[in-house]
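Okay, structure32.tsv is below, TSV, C-alpha atoms:
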chain	number	residue	atom	x	y	z
A	22	MET	CA	8.62	-16.35	-30.15
A	23	SER	CA	7.88	-16.25	-33.86
A	24	ASP	CA	4.34	-16.45	-35.23
A	25	ALA	CA	5.17	-19.86	-36.69
A	26	THR	CA	6.30	-21.19	-33.32
A	27	TRP	CA	3.24	-19.77	-31.57
A	28	ASP	CA	0.90	-21.29	-34.13
A	29	ALA	CA	2.68	-24.64	-33.85
A	30	THR	CA	2.29	-24.45	-30.08
A	31	ILE	CA	-1.42	-23.78	-30.36
A	32	GLU	CA	-1.83	-26.69	-32.79
A	33	ARG	CA	-0.07	-28.98	-30.30
A	34	ILE	CA	-2.39	-27.82	-27.55
A	35	ARG	CA	-5.34	-28.47	-29.83
A	36	ARG	CA	-4.13	-31.98	-30.61
A	37	HIS	CA	-3.47	-32.64	-26.95
A	38	CYS	CA	-6.98	-31.56	-25.93
A	39	ARG	CA	-8.53	-33.73	-28.63
A	40	SER	CA	-6.49	-36.83	-27.82
A	41	SER	CA	-6.77	-36.51	-24.04
A	42	GLY	CA	-10.34	-35.27	-23.86
A	43	ARG	CA	-9.12	-32.39	-21.79
A	44	GLU	CA	-11.79	-29.70	-21.63
A	45	SER	CA	-9.82	-26.81	-20.21
A	46	VAL	CA	-6.35	-25.45	-20.68
A	47	GLU	CA	-4.38	-22.53	-19.27
A	48	ILE	CA	-1.68	-20.72	-21.15
A	49	ILE	CA	0.63	-18.62	-18.98
A	50	PHE	CA	2.85	-16.03	-20.60
A	51	HIS	CA	5.93	-15.62	-18.48
A	52	GLY	CA	9.62	-15.06	-18.84
A	53	GLY	CA	11.92	-13.30	-18.34
A	54	GLU	CA	9.44	-10.52	-18.84
A	55	PRO	CA	6.64	-11.33	-21.29
A	56	THR	CA	5.61	-7.70	-21.86
A	57	LEU	CA	8.82	-7.28	-23.86
A	58	ILE	CA	6.95	-8.75	-26.84
A	59	GLY	CA	4.65	-5.69	-26.99
A	60	ALA	CA	0.92	-5.33	-26.43
A	61	ALA	CA	-0.12	-5.65	-30.08
A	62	ARG	CA	1.82	-8.88	-30.41
A	63	LEU	CA	0.24	-10.38	-27.33
A	64	ALA	CA	-3.20	-9.34	-28.59
A	65	SER	CA	-2.55	-11.17	-31.84
A	66	MET	CA	-1.36	-14.28	-29.99
A	67	CYS	CA	-4.45	-14.28	-27.77
A	68	THR	CA	-6.76	-13.87	-30.75
A	69	ARG	CA	-5.18	-16.78	-32.60
A	70	ALA	CA	-5.19	-19.01	-29.52
A	71	ARG	CA	-8.87	-18.38	-28.80
A	72	ALA	CA	-9.82	-18.90	-32.45
A	73	ARG	CA	-8.07	-22.28	-32.72
A	74	LEU	CA	-9.00	-23.64	-29.31
A	75	ALA	CA	-12.57	-22.40	-28.87
A	76	ASP	CA	-14.16	-25.63	-30.14
A	77	VAL	CA	-11.96	-28.00	-28.14
A	78	ALA	CA	-11.39	-26.50	-24.70
A	79	GLY	CA	-12.12	-23.67	-22.35
A	80	LEU	CA	-9.08	-21.38	-22.44
A	81	THR	CA	-7.66	-19.31	-19.60
A	82	LEU	CA	-4.95	-16.84	-20.51
A	83	THR	CA	-2.65	-15.52	-17.83
A	84	ILE	CA	0.38	-13.25	-17.84
A	85	GLN	CA	2.96	-13.15	-15.07
A	86	THR	CA	4.68	-9.78	-15.24
A	87	ASN	CA	6.73	-7.33	-13.22
A	88	ALA	CA	4.26	-4.66	-14.45
A	89	THR	CA	7.01	-2.10	-15.05
A	90	ARG	CA	6.29	-1.79	-18.77
A	91	LEU	CA	2.51	-1.56	-18.56
A	92	ASP	CA	0.83	1.41	-20.20
A	93	ALA	CA	-2.70	2.27	-21.32
A	94	GLY	CA	-2.28	0.16	-24.46
A	95	TRP	CA	-1.29	-2.89	-22.44
A	96	VAL	CA	-4.15	-2.45	-20.00
A	97	SER	CA	-6.61	-2.22	-22.89
A	98	VAL	CA	-5.27	-5.45	-24.44
A	99	LEU	CA	-5.33	-7.34	-21.14
A	100	ARG	CA	-8.92	-6.26	-20.50
A	101	GLU	CA	-10.14	-6.91	-24.05
A	102	HIS	CA	-8.58	-10.37	-24.24
A	103	GLU	CA	-9.50	-11.27	-20.67
A	104	VAL	CA	-5.95	-12.07	-19.67
A	105	ALA	CA	-5.59	-12.78	-15.96
A	106	VAL	CA	-2.71	-10.77	-14.51
A	107	GLY	CA	-0.18	-11.81	-11.90
A	108	VAL	CA	2.30	-9.18	-10.73
A	109	SER	CA	5.61	-10.22	-9.18
A	110	LEU	CA	6.43	-8.08	-6.17
A	111	ASP	CA	8.33	-8.69	-2.96
A	112	GLY	CA	6.92	-6.02	-0.67
A	113	PRO	CA	7.02	-2.27	-0.15
A	114	GLN	CA	9.80	-0.27	-1.75
A	115	GLU	CA	12.45	-0.81	0.90
A	116	VAL	CA	11.96	-4.59	0.83
A	117	ASN	CA	11.30	-5.15	-2.87
A	118	ASP	CA	14.15	-2.98	-4.08
A	119	ARG	CA	16.71	-4.95	-2.10
A	120	HIS	CA	16.24	-7.84	-4.55
A	121	ARG	CA	14.43	-6.61	-7.63
A	122	VAL	CA	16.68	-4.22	-9.51
A	123	ASP	CA	17.21	-3.49	-13.18
A	124	ARG	CA	20.50	-3.63	-15.08
A	125	ARG	CA	21.44	-0.21	-13.75
A	126	GLY	CA	20.83	-1.34	-10.19
A	127	ARG	CA	17.66	0.72	-9.84
A	128	GLY	CA	14.89	-0.75	-7.71
A	129	SER	CA	11.68	-1.58	-9.55
A	130	HIS	CA	9.02	-0.77	-6.98
A	131	GLU	CA	8.12	2.70	-8.21
A	132	ARG	CA	7.52	1.44	-11.74
A	133	VAL	CA	5.66	-1.65	-10.52
A	134	ALA	CA	3.35	0.57	-8.46
A	135	ALA	CA	2.75	2.79	-11.51
A	136	GLY	CA	1.83	-0.29	-13.56
A	137	ILE	CA	-0.51	-1.50	-10.85
A	138	ALA	CA	-2.18	1.91	-10.71
A	139	LEU	CA	-2.88	1.63	-14.44
A	140	LEU	CA	-4.40	-1.83	-13.96
A	141	ARG	CA	-6.66	-0.50	-11.24
A	142	GLU	CA	-7.70	2.53	-13.29
A	143	GLY	CA	-8.44	0.23	-16.21
A	144	GLY	CA	-10.51	-2.15	-14.11
A	145	VAL	CA	-8.17	-5.10	-14.67
A	146	PRO	CA	-8.04	-7.34	-11.59
A	147	PHE	CA	-4.63	-8.63	-10.63
A	148	ALA	CA	-3.00	-10.98	-8.16
A	149	ILE	CA	0.38	-10.46	-6.51
A	150	LEU	CA	2.97	-13.21	-6.47
A	151	SER	CA	5.40	-12.67	-3.64
A	152	VAL	CA	8.27	-14.63	-2.17
A	153	VAL	CA	8.27	-15.01	1.61
A	154	GLN	CA	10.93	-12.72	3.09
A	155	PRO	CA	12.25	-14.27	6.31
A	156	GLY	CA	13.07	-11.61	8.83
A	157	ALA	CA	11.03	-8.88	7.13
A	158	ASP	CA	7.92	-7.36	8.73
A	159	PRO	CA	5.13	-9.60	7.36
A	160	LEU	CA	2.24	-7.29	8.16
A	161	ASP	CA	4.00	-4.33	6.60
A	162	ILE	CA	4.26	-6.37	3.40
A	163	HIS	CA	0.74	-7.80	3.52
A	164	HIS	CA	-0.89	-4.44	4.25
A	165	HIS	CA	1.06	-2.95	1.38
A	166	TYR	CA	-0.43	-5.51	-1.01
A	167	SER	CA	-3.87	-4.93	0.41
A	168	ARG	CA	-3.53	-1.18	-0.20
A	169	LEU	CA	-2.42	-1.82	-3.76
A	170	GLY	CA	-5.84	-3.33	-4.40
A	171	CYS	CA	-4.98	-6.84	-5.54
A	172	SER	CA	-7.68	-9.50	-5.60
A	173	ALA	CA	-5.36	-12.29	-4.41
A	174	VAL	CA	-1.88	-12.81	-3.01
A	175	SER	CA	0.36	-15.85	-3.30
A	176	TYR	CA	3.17	-16.17	-0.82
A	177	LEU	CA	5.76	-18.56	-2.22
A	178	LEU	CA	8.26	-20.29	0.05
A	179	PRO	CA	11.77	-19.38	-1.12
A	180	ALA	CA	13.42	-21.71	-3.62
A	181	VAL	CA	16.83	-21.94	-2.04
A	182	PRO	CA	19.35	-24.78	-1.66
A	183	ARG	CA	19.22	-26.86	1.51
A	184	GLU	CA	22.39	-25.28	2.89
A	185	ALA	CA	20.85	-21.82	2.47
A	186	VAL	CA	17.79	-22.97	4.41
A	187	ALA	CA	20.06	-23.95	7.28
A	188	GLU	CA	21.60	-20.47	7.20
A	189	LEU	CA	18.17	-18.84	7.27
A	190	ARG	CA	17.20	-20.97	10.26
A	191	GLU	CA	20.38	-20.03	12.05
A	192	LYS	CA	19.67	-16.38	11.44
A	193	PHE	CA	15.89	-16.21	11.92
A	194	GLY	CA	14.95	-19.28	13.98
A	195	PRO	CA	13.76	-22.82	13.23
A	196	THR	CA	10.63	-21.83	11.25
A	197	PRO	CA	11.37	-18.54	9.48
A	198	CYS	CA	8.67	-18.94	6.83
A	199	ALA	CA	5.97	-19.93	9.32
A	200	ASP	CA	7.03	-16.99	11.48
A	201	PHE	CA	6.41	-14.78	8.45
A	202	LEU	CA	3.12	-16.35	7.35
A	203	ILE	CA	1.36	-16.95	10.67
A	204	PRO	CA	1.03	-13.24	11.57
A	205	ILE	CA	-0.37	-12.65	8.09
A	206	PHE	CA	-2.85	-15.48	8.58
A	207	ASP	CA	-3.95	-14.07	11.93
A	208	ASP	CA	-4.31	-10.59	10.49
A	209	TRP	CA	-6.30	-11.96	7.54
A	210	TRP	CA	-8.36	-14.13	9.89
A	211	SER	CA	-9.28	-11.34	12.28
A	212	HIS	CA	-9.34	-8.27	10.07
A	213	GLY	CA	-9.39	-9.53	6.47
A	214	THR	CA	-12.27	-10.23	4.14
A	215	LEU	CA	-13.02	-12.96	1.62
A	216	GLU	CA	-12.57	-10.38	-1.14
A	217	LEU	CA	-8.80	-10.70	-0.75
A	218	GLN	CA	-7.76	-14.33	-1.08
A	219	VAL	CA	-4.41	-15.49	0.20
A	220	ARG	CA	-4.02	-18.54	-2.00
A	221	GLU	CA	-1.83	-20.58	0.32
A	222	PHE	CA	-4.20	-20.07	3.26
A	223	TRP	CA	-7.23	-20.76	1.11
A	224	ASN	CA	-5.73	-24.01	-0.11
A	225	ILE	CA	-4.52	-25.11	3.30
A	226	GLY	CA	-8.12	-24.57	4.35
A	227	ARG	CA	-9.36	-26.61	1.39
A	228	VAL	CA	-7.16	-29.62	2.16
A	229	ILE	CA	-7.89	-29.42	5.88
A	230	MET	CA	-11.59	-29.46	4.98
A	231	GLY	CA	-11.07	-32.64	2.95
A	232	GLY	CA	-10.78	-31.09	-0.52
A	233	LYS	CA	-8.00	-31.03	-3.05
A	234	SER	CA	-5.46	-28.26	-3.31
A	235	ARG	CA	-5.63	-25.97	-6.31
A	236	VAL	CA	-2.01	-24.93	-5.91
A	237	ASP	CA	0.87	-27.23	-6.79
A	238	SER	CA	2.70	-26.42	-3.57
A	239	LEU	CA	0.39	-28.65	-1.51
A	240	GLY	CA	-1.05	-32.14	-1.83
A	241	ASN	CA	1.59	-33.72	-4.09
A	242	PRO	CA	-0.43	-33.28	-7.28
A	243	PRO	CA	0.85	-34.42	-10.69
A	244	LEU	CA	2.44	-31.36	-12.33
A	245	ARG	CA	0.67	-31.60	-15.66
A	246	TYR	CA	2.12	-28.70	-17.53
A	247	VAL	CA	5.03	-28.05	-19.82
A	248	THR	CA	7.04	-25.02	-20.82
A	249	VAL	CA	7.47	-23.99	-24.43
A	250	GLU	CA	10.54	-21.84	-24.96
A	251	THR	CA	10.63	-19.02	-27.51
A	252	ASP	CA	12.43	-21.29	-29.99
A	253	GLY	CA	9.68	-23.91	-29.71
A	254	SER	CA	11.61	-26.38	-27.57
A	255	ILE	CA	9.46	-28.23	-25.06
A	256	GLN	CA	10.79	-28.27	-21.51
A	257	GLY	CA	9.63	-30.22	-18.51
A	258	VAL	CA	8.08	-28.44	-15.57
A	259	ASP	CA	10.16	-25.26	-15.49
A	260	LYS	CA	9.98	-25.00	-11.72
A	261	LEU	CA	12.40	-27.93	-11.47
A	262	ARG	CA	15.12	-25.71	-12.91
A	263	ALA	CA	15.85	-24.61	-9.39
A	264	CYS	CA	16.82	-28.21	-8.52
A	265	GLU	CA	19.57	-28.85	-11.03
A	266	ASP	CA	20.84	-27.38	-14.29
A	267	GLY	CA	19.39	-29.11	-17.31
A	268	MET	CA	16.80	-31.05	-15.33
A	269	THR	CA	13.93	-29.72	-17.42
A	270	SER	CA	15.65	-30.16	-20.79
A	271	THR	CA	14.29	-32.52	-23.41
A	272	SER	CA	15.05	-32.96	-27.09
A	273	LEU	CA	11.42	-32.22	-27.97
A	274	ASN	CA	9.91	-29.28	-29.84
A	275	VAL	CA	6.44	-28.16	-30.88
A	276	TYR	CA	7.14	-28.68	-34.58
A	277	ASP	CA	7.84	-32.40	-34.30
A	278	HIS	CA	6.42	-33.64	-31.02
A	279	ASP	CA	3.22	-33.84	-29.03
A	280	PHE	CA	3.13	-32.74	-25.42
A	281	ASP	CA	2.41	-36.32	-24.38
A	282	ASP	CA	5.86	-37.25	-25.67
A	283	ILE	CA	7.45	-35.53	-22.68
A	284	ALA	CA	6.24	-38.30	-20.38
A	285	ARG	CA	8.31	-40.68	-22.51
A	286	ALA	CA	11.33	-38.38	-22.61
A	287	SER	CA	12.64	-39.57	-19.23
A	288	PRO	CA	11.46	-41.36	-16.09
A	289	LEU	CA	11.84	-38.07	-14.22
A	290	HIS	CA	9.45	-36.19	-16.50
A	291	ALA	CA	7.02	-39.11	-16.46
A	292	GLY	CA	7.10	-39.22	-12.66
A	293	VAL	CA	6.62	-35.51	-12.20
A	294	MET	CA	3.76	-35.34	-14.69
A	295	GLU	CA	2.00	-38.49	-13.52
A	296	GLY	CA	2.53	-37.87	-9.82
A	297	LEU	CA	5.50	-38.70	-7.59
A	298	PRO	CA	5.15	-41.09	-4.64
A	299	LEU	CA	4.82	-39.48	-1.26
A	300	PRO	CA	8.29	-39.03	0.27
A	301	THR	CA	9.21	-41.88	2.60
A	302	GLY	CA	9.76	-39.42	5.42
A	303	CYS	CA	6.21	-38.05	5.07
A	304	ARG	CA	4.30	-41.33	5.23
A	305	ALA	CA	3.77	-41.35	8.99
A	306	CYS	CA	3.09	-37.62	9.20
A	307	PRO	CA	-0.42	-36.54	10.25
A	308	GLU	CA	-0.38	-34.11	7.31
A	309	ALA	CA	0.65	-36.81	4.81
A	310	GLN	CA	-2.57	-36.41	2.81
A	311	THR	CA	-2.84	-32.63	3.08
A	312	CYS	CA	0.62	-31.07	2.88
A	313	ALA	CA	1.89	-34.30	1.28
A	314	GLY	CA	5.51	-33.24	1.09
A	315	GLY	CA	4.89	-29.66	0.02
A	316	TYR	CA	6.16	-28.23	-3.22
A	317	VAL	CA	7.95	-30.83	-5.38
A	318	PRO	CA	11.09	-28.73	-6.13
A	319	HIS	CA	11.53	-28.15	-2.39
A	320	ARG	CA	11.84	-31.93	-1.93
A	321	TYR	CA	14.88	-32.32	-4.13
A	322	SER	CA	18.35	-33.43	-3.07
A	323	GLN	CA	21.06	-34.96	-5.22
A	324	GLU	CA	21.25	-37.99	-2.92
A	325	ARG	CA	17.56	-38.91	-2.72
A	326	GLN	CA	16.08	-36.96	-5.64
A	327	PHE	CA	12.49	-36.15	-4.64
A	328	ASP	CA	12.26	-38.66	-1.80
A	329	ASN	CA	12.58	-36.03	0.91
A	330	PRO	CA	10.10	-33.99	2.89
A	331	SER	CA	10.10	-30.34	1.86
A	332	VAL	CA	13.06	-28.30	3.03
A	333	TRP	CA	10.34	-26.16	4.62
A	334	CYS	CA	8.73	-29.14	6.41
A	335	ALA	CA	8.94	-27.61	9.89
A	336	ASP	CA	7.43	-24.36	8.61
A	337	LEU	CA	4.61	-26.16	6.83
A	338	LEU	CA	3.75	-28.23	9.90
A	339	ALA	CA	3.73	-25.13	12.10
A	340	LEU	CA	1.49	-23.33	9.60
A	341	PHE	CA	-0.90	-26.28	9.26
A	342	ALA	CA	-1.12	-26.62	13.04
A	343	HIS	CA	-1.92	-22.94	13.37
A	344	VAL	CA	-4.61	-22.94	10.68
A	345	ARG	CA	-6.15	-26.08	12.20
A	346	MET	CA	-6.21	-24.41	15.60
A	347	ARG	CA	-7.91	-21.29	14.21
A	348	MET	CA	-10.43	-23.27	12.17
A	349	GLY	CA	-11.00	-25.84	14.89
A	350	VAL	CA	-10.49	-28.76	12.51
A	351	SER	CA	-8.78	-31.86	13.85
A	352	HIS	CA	-6.92	-34.50	11.81
A	353	GLU	CA	-9.85	-36.81	12.52
A	354	GLU	CA	-12.29	-34.33	11.04
A	355	THR	CA	-10.11	-33.92	7.94
A	356	ARG	CA	-10.12	-37.69	7.43
A	357	ALA	CA	-13.88	-37.83	7.87
A	358	ARG	CA	-14.40	-35.03	5.38
A	359	ARG	CA	-12.10	-36.66	2.83
A	360	GLU	CA	-14.06	-39.88	3.10
A	361	ALA	CA	-17.36	-38.04	2.71
A	362	LEU	CA	-16.14	-36.24	-0.39
A	363	ALA	CA	-14.64	-39.42	-1.88
A	364	ARG	CA	-17.85	-41.41	-1.45
A	365	PRO	CA	-19.68	-40.34	-4.64
A	366	ALA	CA	-16.66	-41.23	-6.80
A	367	ALA	CA	-16.57	-44.71	-5.27
A	368	VAL	CA	-20.28	-45.20	-5.94
A	369	GLN	CA	-19.81	-44.07	-9.54
A	370	ALA	CA	-16.91	-46.51	-9.99
A	371	VAL	CA	-19.01	-49.41	-8.73
A	372	SER	CA	-21.89	-48.43	-11.02
A	373	ALA	CA	-19.61	-48.21	-14.03
A	374	GLY	CA	-18.13	-51.61	-13.23
A	375	SER	CA	-21.47	-53.38	-12.84
A	376	SER	CA	-22.90	-52.02	-16.10
A	377	SER	CA	-20.00	-53.10	-18.29
B	2	MET	CA	-31.72	3.32	3.91
B	3	GLU	CA	-28.13	4.13	3.13
B	4	GLU	CA	-27.08	2.31	6.26
B	5	ASN	CA	-29.00	-0.79	5.16
B	6	GLN	CA	-27.40	-0.71	1.74
B	7	ASN	CA	-24.01	-0.55	3.35
B	8	LYS	CA	-24.87	-3.54	5.47
B	9	THR	CA	-25.84	-5.65	2.48
B	10	VAL	CA	-22.54	-5.02	0.71
B	11	SER	CA	-20.34	-5.25	3.77
B	12	PRO	CA	-17.53	-7.71	3.03
B	13	LEU	CA	-17.56	-11.13	4.63
B	14	ARG	CA	-15.06	-11.44	7.41
B	15	VAL	CA	-12.62	-14.30	7.10
B	16	ARG	CA	-12.96	-15.47	10.70
B	17	ASP	CA	-16.73	-15.75	10.45
B	18	GLU	CA	-17.06	-17.05	6.91
B	19	PHE	CA	-13.91	-18.91	5.88
B	20	THR	CA	-14.98	-22.38	6.99
B	21	ALA	CA	-18.51	-21.95	5.62
B	22	ALA	CA	-17.15	-20.60	2.32
B	23	LEU	CA	-14.85	-23.59	1.94
B	24	GLU	CA	-17.67	-25.98	2.80
B	25	ARG	CA	-19.88	-24.39	0.13
B	26	GLU	CA	-17.02	-24.48	-2.38
B	27	LEU	CA	-16.29	-28.18	-1.80
B	28	GLU	CA	-19.94	-29.17	-1.78
B	29	CYS	CA	-20.48	-27.27	-5.00
B	30	GLU	CA	-17.50	-28.99	-6.66
B	31	HIS	CA	-18.78	-32.42	-5.70
B	32	GLY	CA	-22.45	-31.70	-6.30
B	33	ALA	CA	-24.31	-30.77	-3.14
B	34	SER	CA	-26.75	-33.66	-3.35
B	35	GLU	CA	-23.95	-36.19	-3.74
B	36	VAL	CA	-22.33	-35.31	-0.45
B	37	ASP	CA	-25.43	-35.47	1.66
B	38	GLY	CA	-24.42	-35.65	5.23
B	39	PHE	CA	-21.11	-33.85	4.67
B	40	SER	CA	-22.18	-30.82	6.68
B	41	ASP	CA	-24.28	-32.88	9.10
B	42	PHE	CA	-21.40	-35.19	9.76
B	43	THR	CA	-19.12	-32.23	10.32
B	44	ALA	CA	-21.64	-30.63	12.61
B	45	GLY	CA	-21.65	-33.86	14.60
B	46	ILE	CA	-17.90	-33.78	14.98
B	47	ARG	CA	-18.00	-30.12	15.96
B	48	THR	CA	-20.61	-30.87	18.60
B	49	ALA	CA	-18.54	-33.75	19.90
B	50	GLN	CA	-15.46	-31.55	20.02
B	51	ALA	CA	-17.35	-28.79	21.81
B	52	ASN	CA	-18.68	-31.29	24.35
B	53	GLU	CA	-15.18	-32.61	24.85
B	54	ARG	CA	-13.86	-29.11	25.47
B	55	GLU	CA	-16.69	-28.40	27.90
B	56	ALA	CA	-16.02	-31.65	29.72
B	57	ALA	CA	-12.32	-30.80	29.95
B	58	ARG	CA	-13.17	-27.38	31.35
B	59	GLY	CA	-15.56	-28.95	33.83
B	60	ALA	CA	-12.97	-31.45	34.97
B	61	ALA	CA	-10.44	-28.66	35.44

Here is a file; write its structure as structure tokens.
Amino acid sequence: MSDATWDATIERIRRHCRSSGRESVEIIFHGGEPTLIGAARLASMCTRARARLADVAGLTLTIQTNATRLDAGWVSVLREHEVAVGVSLDGPQEVNDRHRVDRRGRGSHERVAAGIALLREGGVPFAILSVVQPGADPLDIHHHYSRLGCSAVSYLLPAVPREAVAELREKFGPTPCADFLIPIFDDWWSHGTLELQVREFWNIGRVIMGGKSRVDSLGNPPLRYVTVETDGSIQGVDKLRACEDGMTSTSLNVYDHDFDDIARASPLHAGVMEGLPLPTGCRACPEAQTCAGGYVPHRYSQERQFDNPSVWCADLLALFAHVRMRMGVSHEETRARREALARPAAVQAVSAGSSS
Amino acid sequence: MEENQNKTVSPLRVRDEFTAALERELECEHGASEVDGFSDFTAGIRTAQANEREAARGAA
């Protein structure tokens, strides 16, 4: 991304914060592999972003990297500019290197581990982003992450087509992802500490306790973010790319358009950013307000668009049931807690109405 | 002395602290004073559930 495109992006963010009243914004550098731009370049981009946005919004900077190119210079920049780090990894060497290979077919684990060691030595906290590996040994993977010293782990359900999900079920049983995650939950529950957060478990706990999810894979939240490509084009939520080619495309760019324009670019983008209705098939589910259909891309089919429960519905229900059992929280208690937490907002709304 | 210091920094176990940590987090987000009764109400439900379990055990 050129300096001009970056600066135009920052100006659009500034305008958006001012017009919307938004008080916080997160910029995530991801790719491809964002470290390809070089540490000095990222430092310059962070400096310019903080300088232009400081008076309009709190700014969180995050980089999602495979960590293979990190060196002392990178670690220094990440620490100095307070960039939160997420490392993509799929397990110990024998698991990770089955999927994550470079152009020469070499597995990446050794270099990822070296990058992580540099982060630790430099005192830069990092989270690990990992895709659930049906059939693999979950505790082997989780303990590996724990030993690497991460502060948080995210276990993402695989983004695979519906027919591939059926194949996975045939091979590994009806709930392959729950079968992977539940042993990790139990291990974390009995032997883990609050110092290592497993984001999916933490957020399942939050919604079970009546709160709102902080991850977009639960609770059917509006997906209020956009992707800016290196050429300045504005894309819809990039995670929908897995649904269909071209789904995220718009004719917008940061030179000519505001981010708000994306909601007018198509009904799909408007729906995703403003919040999709709960899938019809989820409405009678006891987890309708907590799981709420799961991750939006996992709901997609060509026939019914996003009006489907998640392809991982059975896994999610099994996981929710297990967490509820461990926490001792019934559906009734969740409802009661939601009502208790919603009460102040209702009182405020009445007050605002009566004073106008 | 050293043993005491170790005790004070010992990490919080998930099983023992997860629910309480989430309760604190949610109360903090909503302003503790604004959700008066949140914990009390929950405690009531927990007591009711415990009584129900006891009763079921007794009946068995």

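If you measure from each of A:Leu340, A:Ala75, A:Leu169, A:Val219 to chain B using all atoms listed in the file, the closest one turns out to be A:Val219.
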
Practice task
Within 8 Å of chain B, which residues of chain A are there when counting only C-alpha atoms? Please give them as a count of residues only.
Solution key: 19

Practice task
Counting all atoms listed in the file, note down every residue that has an atom within 12 Å of the point (1.5, -5.8, 9.6) (file coordinates), as a ChimeraX atom specification.
Solution key: /A:112-113,157-168,201-209,212-213

Preceding selection exported with C-alpha atoms as a tab-separated table (two decimals), in the frame of the given file:
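And here is the file that came out, part_8.tsv:
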chain	number	residue	atom	x	y	z
A	112	GLY	CA	6.92	-6.02	-0.67
A	113	PRO	CA	7.02	-2.27	-0.15
A	157	ALA	CA	11.03	-8.88	7.13
A	158	ASP	CA	7.92	-7.36	8.73
A	159	PRO	CA	5.13	-9.60	7.36
A	160	LEU	CA	2.24	-7.29	8.16
A	161	ASP	CA	4.00	-4.33	6.60
A	162	ILE	CA	4.26	-6.37	3.40
A	163	HIS	CA	0.74	-7.80	3.52
A	164	HIS	CA	-0.89	-4.44	4.25
A	165	HIS	CA	1.06	-2.95	1.38
A	166	TYR	CA	-0.43	-5.51	-1.01
A	167	SER	CA	-3.87	-4.93	0.41
A	168	ARG	CA	-3.53	-1.18	-0.20
A	201	PHE	CA	6.41	-14.78	8.45
A	202	LEU	CA	3.12	-16.35	7.35
A	203	ILE	CA	1.36	-16.95	10.67
A	204	PRO	CA	1.03	-13.24	11.57
A	205	ILE	CA	-0.37	-12.65	8.09
A	206	PHE	CA	-2.85	-15.48	8.58
A	207	ASP	CA	-3.95	-14.07	11.93
A	208	ASP	CA	-4.31	-10.59	10.49
A	209	TRP	CA	-6.30	-11.96	7.54
A	212	HIS	CA	-9.34	-8.27	10.07
A	213	GLY	CA	-9.39	-9.53	6.47

Problem - Distance in Å - atom CA of Asn224 of chain A versus atom CA of Gly194 of chain A - result: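 Distance between the two atoms: 25.5 Å.
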
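Going from atom CA of Trp223 of chain A over to atom CA of Val236 of chain A, you cover 9.7 Å.
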
Handout entry: Distance query Asp259 of chain A at most 12 Å, all atoms listed in the file, self and fewer than 3 positions along chain excluded, as a ChimeraX atom specification
Key = /A:51-52,244-250,255-256,262-271,290,293-294,317-318

Problem - Contacts of segment 320-330 of chain A at 12 Å (only C-alpha atoms; same-chain gap of 3+ positions) as a ChimeraX atom specification - result: /A:180-184,238-239,241,260-266,268,289,292-293,296-306,308-309,312-317,333-338

Those residues you just picked out, can you put them in a file as an mmCIF file, in the coordinates of the input with C-alpha atoms?
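Result file follows (part-v2.cif):
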data_model
loop_
_atom_site.group_PDB
_atom_site.id
_atom_site.type_symbol
_atom_site.label_atom_id
_atom_site.label_comp_id
_atom_site.auth_asym_id
_atom_site.auth_seq_id
_atom_site.Cartn_x
_atom_site.Cartn_y
_atom_site.Cartn_z
ATOM 1 C CA ALA A 180 13.420 -21.710 -3.620
ATOM 2 C CA VAL A 181 16.830 -21.940 -2.040
ATOM 3 C CA PRO A 182 19.350 -24.780 -1.660
ATOM 4 C CA ARG A 183 19.220 -26.860 1.510
ATOM 5 C CA GLU A 184 22.390 -25.280 2.890
ATOM 6 C CA SER A 238 2.700 -26.420 -3.570
ATOM 7 C CA LEU A 239 0.390 -28.650 -1.510
ATOM 8 C CA ASN A 241 1.590 -33.720 -4.090
ATOM 9 C CA LYS A 260 9.980 -25.000 -11.720
ATOM 10 C CA LEU A 261 12.400 -27.930 -11.470
ATOM 11 C CA ARG A 262 15.120 -25.710 -12.910
ATOM 12 C CA ALA A 263 15.850 -24.610 -9.390
ATOM 13 C CA CYS A 264 16.820 -28.210 -8.520
ATOM 14 C CA GLU A 265 19.570 -28.850 -11.030
ATOM 15 C CA ASP A 266 20.840 -27.380 -14.290
ATOM 16 C CA MET A 268 16.800 -31.050 -15.330
ATOM 17 C CA LEU A 289 11.840 -38.070 -14.220
ATOM 18 C CA GLY A 292 7.100 -39.220 -12.660
ATOM 19 C CA VAL A 293 6.620 -35.510 -12.200
ATOM 20 C CA GLY A 296 2.530 -37.870 -9.820
ATOM 21 C CA LEU A 297 5.500 -38.700 -7.590
ATOM 22 C CA PRO A 298 5.150 -41.090 -4.640
ATOM 23 C CA LEU A 299 4.820 -39.480 -1.260
ATOM 24 C CA PRO A 300 8.290 -39.030 0.270
ATOM 25 C CA THR A 301 9.210 -41.880 2.600
ATOM 26 C CA GLY A 302 9.760 -39.420 5.420
ATOM 27 C CA CYS A 303 6.210 -38.050 5.070
ATOM 28 C CA ARG A 304 4.300 -41.330 5.230
ATOM 29 C CA ALA A 305 3.770 -41.350 8.990
ATOM 30 C CA CYS A 306 3.090 -37.620 9.200
ATOM 31 C CA GLU A 308 -0.380 -34.110 7.310
ATOM 32 C CA ALA A 309 0.650 -36.810 4.810
ATOM 33 C CA CYS A 312 0.620 -31.070 2.880
ATOM 34 C CA ALA A 313 1.890 -34.300 1.280
ATOM 35 C CA GLY A 314 5.510 -33.240 1.090
ATOM 36 C CA GLY A 315 4.890 -29.660 0.020
ATOM 37 C CA TYR A 316 6.160 -28.230 -3.220
ATOM 38 C CA VAL A 317 7.950 -30.830 -5.380
ATOM 39 C CA TRP A 333 10.340 -26.160 4.620
ATOM 40 C CA CYS A 334 8.730 -29.140 6.410
ATOM 41 C CA ALA A 335 8.940 -27.610 9.890
ATOM 42 C CA ASP A 336 7.430 -24.360 8.610
ATOM 43 C CA LEU A 337 4.610 -26.160 6.830
ATOM 44 C CA LEU A 338 3.750 -28.230 9.900
#
